[in-house]
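Engineer: As input, take entry_16.txt (compact mmCIF, C-alpha atoms and all ligand atoms):
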# COMPACT_ATOMS: atom_id res chain seq x y z
CA MET A 1 0.00 0.00 0.00
CA ASN A 2 1.25 3.53 -0.81
CA THR A 3 2.31 5.73 2.11
CA ILE A 4 1.85 9.48 2.03
CA ILE A 5 4.04 11.59 4.29
CA SER A 6 2.02 14.42 5.68
CA PHE A 7 1.69 17.42 7.92
CA GLY A 8 -1.97 17.47 9.00
CA LEU A 9 -2.72 21.07 8.00
CA CYS A 10 -0.82 21.13 4.71
CA PRO A 11 -3.00 22.12 1.72
CA PHE A 12 -0.62 20.46 -0.75
CA VAL A 13 -0.87 17.09 1.01
CA GLN A 14 -4.64 17.54 1.04
CA ARG A 15 -4.68 17.84 -2.75
CA SER A 16 -3.21 14.37 -3.08
CA LEU A 17 -5.49 12.95 -0.39
CA ILE A 18 -8.55 14.27 -2.24
CA THR A 19 -7.27 12.71 -5.47
CA MET A 20 -6.57 9.35 -3.80
CA ASN A 21 -9.94 9.37 -2.02
CA HIS A 22 -11.75 10.25 -5.22
CA LYS A 23 -9.99 7.47 -7.10
CA LYS A 24 -10.46 5.03 -4.22
CA VAL A 25 -6.75 4.34 -3.83
CA PRO A 26 -5.91 2.92 -0.40
CA TYR A 27 -3.05 4.63 1.46
CA LYS A 28 -1.37 4.98 4.82
CA VAL A 29 -0.58 8.40 6.27
CA LYS A 30 2.66 9.06 8.15
CA TYR A 31 2.65 12.44 9.94
CA ILE A 32 5.84 14.40 10.52
CA ASP A 33 6.61 17.61 12.36
CA LEU A 34 7.73 20.17 9.78
CA GLU A 35 9.42 22.26 12.47
CA ASN A 36 11.56 19.28 13.32
CA LYS A 37 11.91 17.15 10.20
CA PRO A 38 13.14 13.63 10.95
CA ASP A 39 16.41 12.53 9.35
CA TRP A 40 14.80 9.64 7.48
CA PHE A 41 12.45 12.16 5.81
CA LEU A 42 15.27 14.53 4.83
CA LYS A 43 17.12 11.56 3.32
CA ILE A 44 14.26 10.54 1.02
CA SER A 45 12.78 13.95 0.22
CA PRO A 46 14.90 16.05 -2.19
CA LEU A 47 13.04 19.30 -1.42
CA GLY A 48 12.28 18.55 2.23
CA LYS A 49 8.60 19.23 1.64
CA VAL A 50 5.39 17.26 2.04
CA PRO A 51 3.59 15.57 0.39
CA VAL A 52 5.90 12.68 -0.38
CA LEU A 53 4.34 9.50 -1.71
CA GLN A 54 6.15 6.23 -1.19
CA VAL A 55 5.21 3.72 -3.87
CA GLY A 56 7.13 0.52 -3.16
CA ASP A 57 10.79 1.58 -3.20
CA GLU A 58 10.09 4.70 -5.24
CA VAL A 59 9.59 8.16 -3.74
CA LEU A 60 7.44 10.77 -5.47
CA PHE A 61 7.17 14.42 -4.48
CA GLU A 62 5.26 17.52 -5.66
CA SER A 63 1.50 17.28 -5.25
CA ALA A 64 0.69 17.93 -8.93
CA VAL A 65 3.02 15.11 -10.00
CA ILE A 66 1.65 12.72 -7.38
CA ASN A 67 -1.90 13.55 -8.50
CA GLU A 68 -1.14 12.82 -12.15
CA TYR A 69 0.51 9.53 -11.21
CA ILE A 70 -2.52 8.48 -9.13
CA ASP A 71 -4.81 9.53 -11.94
CA GLU A 72 -2.86 7.53 -14.54
CA VAL A 73 -2.74 4.27 -12.61
CA THR A 74 -6.47 4.23 -11.88
CA SER A 75 -9.50 4.09 -14.12
CA GLY A 76 -11.57 7.10 -15.18
CA THR A 77 -9.14 9.97 -15.70
CA LEU A 78 -9.58 13.36 -14.02
CA HIS A 79 -7.43 14.97 -16.73
CA PRO A 80 -8.72 15.88 -20.20
CA THR A 81 -7.51 13.69 -23.07
CA ASP A 82 -7.28 16.57 -25.55
CA PRO A 83 -3.66 17.92 -25.33
CA LEU A 84 -4.68 21.57 -25.45
CA GLN A 85 -7.34 21.16 -22.78
CA LYS A 86 -4.89 19.13 -20.67
CA ALA A 87 -2.24 21.86 -20.95
CA PHE A 88 -4.88 24.46 -20.05
CA GLU A 89 -5.88 22.58 -16.90
CA ARG A 90 -2.23 22.01 -15.92
CA ALA A 91 -1.72 25.76 -16.19
CA TYR A 92 -4.70 26.36 -13.88
CA ILE A 93 -3.36 23.78 -11.41
CA GLU A 94 -0.18 25.87 -11.34
CA LEU A 95 -2.26 29.02 -10.80
CA SER A 96 -4.07 27.30 -7.92
CA SER A 97 -0.63 26.70 -6.33
CA ALA A 98 0.01 30.44 -6.52
CA VAL A 99 -3.43 31.09 -4.97
CA THR A 100 -2.60 28.62 -2.17
CA MET A 101 0.64 30.45 -1.39
CA ASN A 102 -1.00 33.91 -1.72
CA TYR A 103 -3.72 32.80 0.68
CA PHE A 104 -1.17 31.51 3.20
CA GLN A 105 0.97 34.64 3.01
CA THR A 106 -2.13 36.79 3.55
CA ALA A 107 -3.40 34.72 6.47
CA ILE A 108 -0.05 34.89 8.29
CA SER A 109 0.92 38.48 7.45
CA LYS A 110 2.15 40.18 10.59
CA ASP A 111 1.41 43.80 9.75
CA GLU A 112 -1.00 45.90 7.75
CA ASP A 113 1.37 46.64 4.84
CA SER A 114 2.27 43.02 4.14
CA TYR A 115 -1.36 41.99 4.69
CA LYS A 116 -2.52 44.48 2.06
CA ALA A 117 0.17 43.50 -0.47
CA ASN A 118 -0.49 39.77 -0.05
CA LYS A 119 -4.25 40.26 -0.13
CA GLU A 120 -3.94 42.15 -3.40
CA ALA A 121 -1.92 39.30 -4.96
CA LEU A 122 -4.51 36.82 -3.68
CA GLU A 123 -7.40 38.83 -5.14
CA LYS A 124 -5.67 39.05 -8.51
CA ASN A 125 -4.78 35.37 -8.83
CA LEU A 126 -8.03 34.12 -7.33
CA THR A 127 -9.96 36.26 -9.82
CA SER A 128 -7.98 34.80 -12.74
CA LEU A 129 -8.65 31.27 -11.48
CA LEU A 130 -12.36 31.84 -10.87
CA ASP A 131 -12.76 33.61 -14.17
CA LYS A 132 -12.37 30.23 -15.89
CA PHE A 133 -14.55 28.33 -13.39
CA LYS A 134 -17.65 27.00 -15.14
CA GLY A 135 -19.51 25.36 -12.25
CA PRO A 136 -20.46 23.31 -10.41
CA TYR A 137 -16.81 22.20 -10.80
CA PHE A 138 -13.95 24.02 -12.50
CA ARG A 139 -14.44 22.32 -15.88
CA GLY A 140 -18.23 22.22 -15.64
CA GLU A 141 -20.08 19.03 -14.76
CA GLU A 142 -16.90 16.94 -14.43
CA PHE A 143 -14.68 16.90 -11.36
CA SER A 144 -11.01 17.35 -12.32
CA LEU A 145 -7.49 17.71 -10.96
CA VAL A 146 -8.01 21.48 -10.94
CA ASP A 147 -10.70 20.89 -8.29
CA THR A 148 -8.50 18.62 -6.19
CA SER A 149 -5.74 21.27 -6.39
CA ALA A 150 -7.77 24.40 -5.65
CA VAL A 151 -10.16 23.18 -2.95
CA PRO A 152 -7.67 23.10 -0.02
CA ALA A 153 -6.92 26.82 -0.44
CA LEU A 154 -10.60 27.71 -0.85
CA GLN A 155 -11.52 25.69 2.24
CA ARG A 156 -8.86 27.47 4.34
CA LEU A 157 -9.97 30.84 3.00
CA ALA A 158 -13.49 30.12 4.23
CA LEU A 159 -12.10 29.26 7.68
CA SER A 160 -9.94 32.33 8.12
CA GLY A 161 -12.07 34.71 10.12
CA ASN A 162 -13.23 37.69 8.08
CA LEU A 163 -10.72 37.23 5.30
CA LEU A 164 -13.26 36.00 2.78
CA GLU A 165 -15.50 39.02 3.43
CA GLU A 166 -12.53 41.37 3.23
CA LEU A 167 -11.52 40.25 -0.24
CA ASN A 168 -12.23 42.76 -2.91
CA LEU A 169 -13.87 40.49 -5.51
CA SER A 170 -16.60 41.32 -7.98
CA ASP A 171 -20.09 39.92 -7.33
CA ALA A 172 -19.74 37.53 -10.28
CA ILE A 173 -16.43 36.17 -8.97
CA ASN A 174 -17.77 35.89 -5.42
CA LYS A 175 -20.74 33.93 -6.69
CA LYS A 176 -18.40 31.49 -8.43
CA LEU A 177 -16.30 31.13 -5.31
CA ASN A 178 -19.37 30.26 -3.24
CA GLN A 179 -20.57 27.82 -5.87
CA TRP A 180 -17.19 26.08 -5.92
CA LEU A 181 -17.18 25.79 -2.12
CA GLU A 182 -20.75 24.49 -2.09
CA SER A 183 -20.14 21.85 -4.73
CA THR A 184 -16.87 20.51 -3.33
CA LEU A 185 -16.76 20.83 0.48
CA PRO A 186 -19.53 18.26 1.07
CA LEU A 187 -17.86 15.63 -1.17
CA GLU A 188 -16.76 12.53 0.71
CA SER A 189 -13.33 12.72 -0.95
CA VAL A 190 -12.89 16.22 0.49
CA GLN A 191 -14.41 15.51 3.92
CA LYS A 192 -12.06 12.55 4.36
CA SER A 193 -9.01 14.52 3.23
CA VAL A 194 -8.55 16.40 6.51
CA PRO A 195 -7.72 15.01 9.94
CA GLU A 196 -10.32 14.92 12.71
CA ASN A 197 -10.75 18.37 14.35
CA PHE A 198 -9.23 20.02 11.27
CA GLU A 199 -11.28 23.22 11.58
CA GLU A 200 -10.40 23.77 15.24
CA ASP A 201 -6.76 22.84 14.74
CA PHE A 202 -6.49 25.12 11.73
CA ARG A 203 -8.02 28.10 13.54
CA GLU A 204 -5.73 27.46 16.49
CA TYR A 205 -2.74 27.35 14.14
CA LEU A 206 -3.68 30.75 12.71
CA ILE A 207 -4.18 32.25 16.16
CA LYS A 208 -0.72 31.04 17.20
CA LYS A 209 0.76 32.82 14.17
CA GLU A 210 -0.47 36.10 15.71
CA SER A 211 -1.31 37.37 12.27
CA TYR A 212 -2.59 40.82 11.42
CA ILE A 213 -6.04 39.48 10.46
CA GLN A 214 -6.45 37.71 13.81
CA LEU A 215 -5.38 40.78 15.77
CA LYS A 216 -7.66 42.99 13.69
CA GLU A 217 -10.67 40.89 14.65
CA LYS A 218 -10.10 41.15 18.38
N1 LIG B 301 5.05 22.63 -4.57
C1 LIG B 301 4.92 21.74 -3.46
C2 LIG B 301 4.67 22.55 -2.21
C3 LIG B 301 4.69 21.69 -0.95
C4 LIG B 301 4.88 22.53 0.32
O1 LIG B 301 5.17 23.73 0.26
N2 LIG B 301 4.71 21.87 1.47
C5 LIG B 301 4.98 22.56 2.72
C6 LIG B 301 3.92 22.23 3.79
S1 LIG B 301 2.31 22.74 3.36
C7 LIG B 301 6.28 22.05 3.29
O2 LIG B 301 6.55 20.87 3.28
N3 LIG B 301 7.08 22.97 3.83
C8 LIG B 301 8.28 22.61 4.50
C9 LIG B 301 9.44 23.46 4.08
O3 LIG B 301 9.31 24.20 3.09
O4 LIG B 301 10.49 23.34 4.72
C10 LIG B 301 3.78 20.73 -3.74
O5 LIG B 301 2.87 21.07 -4.50
O6 LIG B 301 3.85 19.58 -3.24
Rewrite the coordinates I just gave you, this time as structure tokens.
Ligand SMILES: N[C@@H](CCC(=O)N[C@@H](CS)C(=O)NCC(=O)O)C(=O)O

Structural biologist:
Amino acid sequence: MNTIISFGLCPFVQRSLITMNHKKVPYKVKYIDLENKPDWFLKISPLGKVPVLQVGDEVLFESAVINEYIDEVTSGTLHPTDPLQKAFERAYIELSSAVTMNYFQTAISKDEDSYKANKEALEKNLTSLLDKFKGPYFRGEEFSLVDTSAVPALQRLALSGNLLEELNLSDAINKKLNQWLESTLPLESVQKSVPENFEEDFREYLIKKESYIQLKEK
């Protein structure tokens, strides 16, 4: 059975868990402390980042690569077969990585200036991503790897105090964002992709970061 090396709150690990859950691939999860990475992990992980997927003696890293591998070895692909459409969706998976990082930087900004700058980058990239969202999923009726890649960031955004309300998005883009959350958060593959008590643990994690947005709400 494949083993995924994880940090419970990591959105990139969650992408691969959603993909594996959706494709009904059994896996074991091994949690590590990212503040204190074990030597065995540093030895097998070239970038020192999670997720890492152990498949027999082979080690895979980078969530987008892991997701494509899982997709290819199981039936019913989540990627388009048309090369142009596939390249388009890969590009939007990359954009969703930028959105994930923009979200994180915004949520943990320590002061007003960095909060504003990061929020602006988030608004810009999130708008570009949502602009191409057709609904109920990114591609339309079919669930895809763009969904598995974007949902962890969207879910965290919805859990981050007033951040969602503070984003300067047009009504049309906001509507799409809500539709995407509504169509994906209840999915079993998504529900099972986070550890028990995820919401509480995630909020606690943000509070400990003493970020500008948390302080602003007090
Ligand atoms: N591009 C990577 C990003 C993975 C990533 O940034 N993981 C974070 C945790 S959410 C990590 O392992 N950080 C540890 C570090 O950078 O030292 C992917 O998609 O897998």

Engineer: Do you know which residues are at most 9 Å from Asn67 (chain A) counting only C-alpha atoms, after dropping those on the same chain fewer than 2 positions away, and could you put them as a PyMOL selection string?

Structural biologist: chain A and resi 15-17+19-20+62-65+69-72+145+148-149

Engineer: Hey, which of A:Glu210, A:Asp111, A:Glu35, A:Asp171 ends up closest to Leu130 (chain A)? Count all atoms listed in the file.

Structural biologist: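 Among the listed residues, A:Asp171 lies closest to Leu130 (chain A).
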
Engineer: List as a tab-separated table every residue of chain A that is in contact with ligand LIG 301 (chain B), defined as an atom at most 6 Å from one of its atoms (using all atoms listed in the file), together with the nearest atom pair and the distance in Å rounded to one decimal, sorted by chain and then rising number.

Structural biologist:
residue	atom	partner	partner_atom	distance
A:Cys10	CA	B:LIG301	S1	3.8
A:Pro11	CA	B:LIG301	S1	5.6
A:Phe12	CA	B:LIG301	O5	5.2
A:Leu34	CA	B:LIG301	C8	5.8
A:Gly48	CA	B:LIG301	O4	5.7
A:Lys49	CA	B:LIG301	O2	3.1
A:Val50	CA	B:LIG301	O2	4.0
A:Pro51	CA	B:LIG301	O6	5.4
A:Glu62	CA	B:LIG301	O6	3.5
A:Ser63	CA	B:LIG301	O6	3.9
A:Ala64	CA	B:LIG301	O5	5.9

Engineer: Given the choices A:Gly8, A:Ser128, A:Ile66, A:Ser97, which gets closest to Glu196 (chain A) if the distance is worked out from only C-alpha atoms?

Structural biologist: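 The shortest atom-to-atom distance to Glu196 (chain A) comes from A:Gly8.
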
Engineer: Take CA of Pro195 (chain A) and CA of Ala153 (chain A) and report the distance between them in Å, one decimal.

Structural biologist: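 Interatomic distance here is 15.7 Å.
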
Engineer: Which is closer to Ala87 (chain A) than all the others in A:Val52, A:Val146, A:Ile207, A:Ile173, using only C-alpha atoms?

Structural biologist: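 Of the candidates, the smallest distance to Ala87 (chain A) is held by A:Val146.
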